[in-house]
Structure formats: structure tokens, C-alpha cells
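S.K.: A single structure is presented below for examination.
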Amino acid sequence: MNAQPHTLVTPLLTLTDISIAYGDHLAVSHAQMQLADGEIGCLLGPSGCGKSTLLRAIAGFEPLQSGQLSMGGRILATNQQMLPPEKRNIGMVFQDVALFPHLNIADNIAFGLQKLSRKERTARITELLKLVGLPGVEQRFPHSLSGGQQQRIALARALAPRPQLLLLDEPFSGLDAKLRESLVPEVRSILKTLGISALMVSHDQHEAFAIADKIGVMNDGQVLQWASAEEVYNQPSTHFVAEFIGHGDFIHGTVHCPNCVDSALGRLRSEIPHGFNAGEQVEVLVRLQNVQYDAGSPYSAQIQQRTFRGANILYSLLLSNGDKLACLTDPSVDIPVGAAMPIRPELQNLVAFPASH
Ligand code: ADP
Ligand code: MG
């Protein structure tokens with residue numbers, strides 16, 4: 001019998017050690033990731049970290065300085081060769097919709113469908129407009145549609161030639177928050193209905209979590225972690241990822257044993273070893289849900305700020321050693337600023353990094 005394990009997912013897009021430079025400036029540095037067939041990925045990171053550059057390289061608009069890009073077993077680019085964008089079978093949606101203003105919606109969508117017969121084209125357009133929730137707008141012009149509707153048309157246009165991969169560069173950032181909230185899950189559902197693989201760029205964590213199966217957290221040209229939303233949140237690979245994803249504070253501590261760290265909140269224990277040696281100085285990630293108000297706790301922190309939020313109260317606290325952290329309580333727990341608040345840490349697994357300062 002063949003003892004080889006079965007691969008559960010077929011990789012579609014593979015980035016191997018990719019670097020991209022603009023002159024002397026390395027915009028993307030040694031990026032590695034793999035998008036599975038049918039998966040939606042999202043590159044997430046602060047402005048200027050290299051997200052668009054990486055996306056443009058995948059589309060075929062930026063040469064690689066080193067590394068290899070392949071899709072479906074076909075090499076798209078190395079530092080020696082570059083398949084032109086139109087040969088890659090990749091669709092793209094940008095932040096600025098850029099529909100052709102002088103063409104009606106049907107002609108806008110038909111733009112990449114020259115090879116189809118007239119009948120097939122009309123059928124494809126009807127099907128796509130239905131899919132993006134705008135049936136019957138064939139004869140209208142872009143200016144008569146709202147921003148959100150135009151972005152749906154841009155999506156339909158990119159999907160029309162049935163690309164193997166869809167790239168989306170901050171497709172929602174020009175839209176207002178309310179519209180974004182409804183459109184993001186809708187776009188996810190459209191992509192999932194079609195089973196299309198997609199890679200999006202965003203600087204908004206909530207947007208990334210709402211749409212993607214895999215998140216690629218980027219900073220300073222590097223893809224620091226490529227994993228599910230749960231993984232990047234619960235097991236961040238670096239201090240930056242821990243800080244960038246979700247609200248989190250760090251408290252200083254000294255490693256006491258493979259499963260424990262001594263801190264201003266006492267001995268913090270983990271179910272699994274944290275990988276540090278006794279005596280090492282570390283910073284332990286403390287999320288909002290890891291700090292509980294507990295009147296019986298021997299540990300307390302001084303209240304620096306108190307914000308009533310309706311359903312709860314958010315307290316900003318200062319520990320005796322100068323570490324800061326936040327605590328969310330029931331509105332009935334009402335303690336004035338300046339007073340000591342008794343708190344209990346509640347951490348299952350310690351996420352710790354070497355202390356930086
Ligand atoms: P992001 O999309 O994450 O905001 P970009 O990929 O656009 O970041 O940019 C990454 C870095 O490369 C930035 O420092 C940016 O200034 C630089 N950069 C982007 N495009 C160019 C270009 N065409 N020429 C030179 N530098 C560029
Ligand atoms: Mg960008």
C-alpha cells in the first residue's frame with residue numbers, strides 16, 4: 001500500500017521566496033505563501049507594507065527580483081521570465097472602480113468576452129448581473145449607479161472571463177462603512193458560489209476576517225504569517241502580528257518554568273510549553289477577554305480611564321510595574337478613576353515574545 005499521505009487541498013497559487021524591488025528599495029522581501037484551490041486569501045497590513053506590490057506581481061505587472069511564482073503547476077514568473085498579464089488567466093478588481101464611463105453596463109462586462117458568440121455573451125452577462133444582485137441593468141451607464149453598485153459591476157466584469165484566480169486590491173475602501181459591512185460578506189458568498197480562488201488586499205482586520213479563509217499578515221515587505229483568522233489571532237507568530245490583529249496588551253514577565261511566567265499578575269500558567277528558558281524576560285500577550293474583574297483577587301491595578309460603552313464599561317488599567325492593560329466589565333461594576341481594581345488573569349495558553357524593552 002502507498003503510505004504517502006493524501007494532500008487534502010490542491011495548491012493553486014504558490015509564492016516561493018519572492019522579493020520585489022523598486023530600484024534600491026525592497027518593497028517585498030522573501031514572501032512565501034500558498035493559496036489552495038477555491039480558497040479566499042487576504043493580505044493584511046499597514047499602508048506601504050508591500051501588499052499592492054505583491055498583488056501586482058501576481059497579476060504580472062511587476063517583475064520579480066528573486067523567487068518563483070506559480071499557479072496550477074505553471075510557472076508565472078521568476079527573475080528570468082515573466083508571463084504577460086493577459087496570459088495568466090487572472091482577473092483583477094481595484095479600489096477605484098474604473099468602469100468605462102462611455103460604455104453601458106453590458107458592454108463594460110463584455111469587455112473581456114470578445115471570444116464568445118453574441119448569444120453566449122448576452123447569457124453570461126445576464127447570469128453575472130443576477131449573481132451580483134443587479135439583474136436588468138444592462139442598458140444603464142456607470143454614472144447612474146451608486147458606488148457600491150459600480151463595485152459589483154467591476155466584480156462582474158473581472159469574473160466574466162472565468163479567471164482561475166481573482167485579485168482584489170482594497171475593493172471596498174472607497175465605500176462607506178455601512179455599505180462595506182453588507183457588501184463584504186456578499187462578495188464572499190459570490191466567490192464561494194462560483195468556487196473561485198481569490199486574493200484580496202486590505203488594511204482593515206474586520207474586513208479581512210469577514211471575507212478570507214487565510215490571512216497573510218504583512219509588515220515592512222514581509223509576509224509574517226499566513227494562516228486562518230483564528231490562528232493569527234490565537235497564535236500570532238510575531239509581536240507585530242499579535243499587536244496588529246485584535247486588541248491586545250503586553251505585560252512583562254520572567255520565565256519560571258516551561259509552562260509558566262511570573263508577572264505583576266502573579267504566576268501565569270499555560271497548558272502547553274511556551275518555548276522559553278527559565279530566567280528569560282518576556283512580554284505576554286493579554287487580550288481583553290484574558291482579564292476578569294474579580295473582587296476576591298489578590299492582584300489589582302489602578303484605574304486610569306473609565307469609558308461607559310452601554311453594554312459594558314471599558315477600564316484602562318496601570319499595573320504596579322508600569323504595564324498597561326484593559327478590562328471590560330459589566331456596567332454594574334462601577335469603580336472610580338484612580339481607585340484600585342481587583343483583577344484576575346485568565347489565560348489558557350501564553351503567547352509570549354522576547355521582551356523588547
Ligand atoms: P501597500 O499596498 O501595502 O500600501 P505598496 O505595495 O503600494 O504598499 O508599496 C510598498 C512600498 O513600495 C512603499 O514603500 C511604496 O512607497 C513603494 N512603492 C510602491 N510603488 C512604487 C513604485 N511604482 N515605485 C517606487 N516605489 C514604489
Ligand atoms: Mg496598496
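In the C-alpha cells, each chain is lettered A, B, ... as it comes, each chain's residues begin at 1, and ligands are numbered from 1 in order of appearance.
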Ligand 1: which residues are within 12 Å, counting only C-alpha atoms and all ligand atoms, as number ranges by chain?
M.R.: A: 19-29, 42-57, 61-63, 94-95, 168-170, 200-204, 216-223
S.K.: Could you give me the residues within region 120-343 of chain A that DSSP places in helix (DSSP H, G or I), as a ChimeraX atom specification?
M.R.: /A:120-131,142-144,147-159,177-194,205-211,229-234,239-244,288-290
S.K.: Can you list, as a PyMOL selection string, every residue of region 31-270 of chain A that DSSP puts in strand (DSSP E)?
M.R.: chain A and resi 31-36+40-44+66-71+74-77+90-93+165-169+197-202+214-219+222-227+248-257+260-263+266-269
S.K.: Which one of A:Ser173, A:His247, A:Gln225, A:Gly148 sits closest to ligand 2 if you count only C-alpha atoms and all ligand atoms?
M.R.: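 With only C-alpha atoms and all ligand atoms as the atom set, the closest residue is A:Ser173.
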S.K.: Can you pull out the residues contacting Tyr299 (chain A)? Cut-off 6 Å, using only C-alpha atoms, and skip same-chain residues under 2 positions away; I want them as a PyMOL selection string.
M.R.: chain A and resi 265+297+342-343
S.K.: How about saving the chosen residues, N, CA and C atoms kept, as a short mmCIF file (atom, residue, chain, number, x, y, z; two decimals), in the first residue's frame?
M.R.:
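As a result, part.cif now contains:
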data_model
loop_
_atom_site.label_atom_id
_atom_site.label_comp_id
_atom_site.auth_asym_id
_atom_site.auth_seq_id
_atom_site.Cartn_x
_atom_site.Cartn_y
_atom_site.Cartn_z
N LEU A 265 0.82 40.09 37.63
CA LEU A 265 -0.47 39.45 37.93
C LEU A 265 -0.26 38.03 38.48
N SER A 297 -9.73 38.75 44.10
CA SER A 297 -8.36 38.53 43.62
C SER A 297 -7.33 39.29 44.45
N PRO A 342 -9.56 45.15 41.54
CA PRO A 342 -9.05 43.78 41.68
C PRO A 342 -9.30 42.99 40.38
N ILE A 343 -8.26 42.39 39.85
CA ILE A 343 -8.40 41.64 38.60
C ILE A 343 -7.71 40.28 38.68
#
S.K.: Which residues, written as a list of chain:residue names, have at least one atom at most 10 Å from Ala355 (chain A), with only C-alpha atoms counted and residues fewer than 5 positions away on the same chain left out?
M.R.: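 After dropping sequence-adjacent residues, the list is A:His239, A:Phe250, A:Ile251, A:His252, A:Gly253, A:Thr254, A:Glu280, A:Gln281, A:Val282, A:Glu283, A:Val284.
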S.K.: Would you list the contacts of Leu175 (chain A) as a PyMOL selection string, taking every protein, DNA or RNA residue within 9 Å and counting only C-alpha atoms, but skipping same-chain residues closer than 4 positions in sequence?
M.R.: chain A and resi 147-148+171+179-180
S.K.: Can you write just those residues out, N, CA and C atoms, as a compact mmCIF listing (two decimals), in the first residue's frame?
M.R.:
# COMPACT_ATOMS: atom_id res chain seq x y z
N GLY A 147 -21.89 53.96 -5.83
CA GLY A 147 -20.52 53.44 -5.70
C GLY A 147 -20.49 51.94 -5.45
N GLY A 148 -21.38 51.48 -4.58
CA GLY A 148 -21.43 50.06 -4.25
C GLY A 148 -21.88 49.22 -5.44
N PRO A 171 -10.83 46.58 -2.56
CA PRO A 171 -12.01 46.86 -3.39
C PRO A 171 -13.13 47.60 -2.66
N LEU A 179 -22.17 50.32 3.99
CA LEU A 179 -22.27 49.57 2.75
C LEU A 179 -21.23 48.43 2.73
N ARG A 180 -20.04 48.77 3.23
CA ARG A 180 -18.96 47.79 3.28
C ARG A 180 -19.36 46.57 4.10
S.K.: Name the residues in contact with region 125-134 of chain A at a cut-off of 7 Å, using only C-alpha atoms, excluding same-chain residues fewer than 3 positions from it; report them as a list in words.
M.R.: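 So the residues in contact are Ala106, Ile109, Arg121, Thr122, Val137, Arg152, Ala156 and Ile190 of chain A.
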S.K.: Next, the residues of the selection above should be written as an mmCIF file, in the first residue's frame with N, CA and C atoms.
M.R.:
data_model
loop_
_atom_site.group_PDB
_atom_site.id
_atom_site.type_symbol
_atom_site.label_atom_id
_atom_site.label_comp_id
_atom_site.auth_asym_id
_atom_site.auth_seq_id
_atom_site.Cartn_x
_atom_site.Cartn_y
_atom_site.Cartn_z
ATOM 1 N N ALA A 106 -23.667 46.431 -19.868
ATOM 2 C CA ALA A 106 -23.469 45.200 -20.637
ATOM 3 C C ALA A 106 -22.127 45.241 -21.371
ATOM 4 N N ILE A 109 -19.132 44.847 -19.034
ATOM 5 C CA ILE A 109 -18.881 43.455 -18.621
ATOM 6 C C ILE A 109 -18.369 42.625 -19.806
ATOM 7 N N ARG A 121 -22.413 35.611 -24.960
ATOM 8 C CA ARG A 121 -22.039 36.818 -24.237
ATOM 9 C C ARG A 121 -23.235 37.379 -23.456
ATOM 10 N N THR A 122 -24.370 37.476 -24.155
ATOM 11 C CA THR A 122 -25.573 38.000 -23.518
ATOM 12 C C THR A 122 -25.978 37.115 -22.339
ATOM 13 N N VAL A 137 -29.739 45.642 -15.356
ATOM 14 C CA VAL A 137 -29.135 46.981 -15.526
ATOM 15 C C VAL A 137 -28.280 47.089 -16.798
ATOM 16 N N ARG A 152 -19.871 46.307 -7.680
ATOM 17 C CA ARG A 152 -20.419 44.992 -8.048
ATOM 18 C C ARG A 152 -20.249 44.723 -9.545
ATOM 19 N N ALA A 156 -18.297 41.814 -11.480
ATOM 20 C CA ALA A 156 -18.883 41.021 -12.572
ATOM 21 C C ALA A 156 -17.968 41.053 -13.793
ATOM 22 N N ILE A 190 -20.558 35.276 -3.113
ATOM 23 C CA ILE A 190 -20.500 35.168 -4.587
ATOM 24 C C ILE A 190 -19.285 34.321 -4.996
#
S.K.: Taking 2 positions as the minimum chain separation for residues in the same chain, which residues sit within 8 Å of Cys257 (chain A) when counting only C-alpha atoms? Answer as number ranges by chain.
M.R.: A: 255, 259-261, 277-278
S.K.: For the residues in that selection, give me C-alpha atoms as a PDB file, in the first residue's frame.
M.R.:
ATOM      1  CA  VAL A 255      10.000  32.773  32.619  1.00  0.00           C
ATOM      2  CA  ASN A 259       4.669  26.375  31.258  1.00  0.00           C
ATOM      3  CA  CYS A 260       4.788  29.438  33.466  1.00  0.00           C
ATOM      4  CA  VAL A 261       5.773  33.074  33.613  1.00  0.00           C
ATOM      5  CA  ASN A 277      14.060  29.069  29.121  1.00  0.00           C
ATOM      6  CA  ALA A 278      13.856  29.846  32.826  1.00  0.00           C
TER       7      ALA A 278
END
S.K.: In Å, with one decimal, what is the gap from CA of Gln68 (chain A) to CA of Leu12 (chain A)?
M.R.: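 Computing the Euclidean distance for CA of Gln68 (chain A) and CA of Leu12 (chain A) yields 13.7 Å.
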S.K.: Using only C-alpha atoms and all ligand atoms, which residue out of A:Leu64, A:Met82, A:Asp96, A:Asn349 lies closest to ligand 2?
M.R.: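 Ranking A:Leu64, A:Met82, A:Asp96, A:Asn349 by distance to ligand 2, first place goes to A:Asp96.
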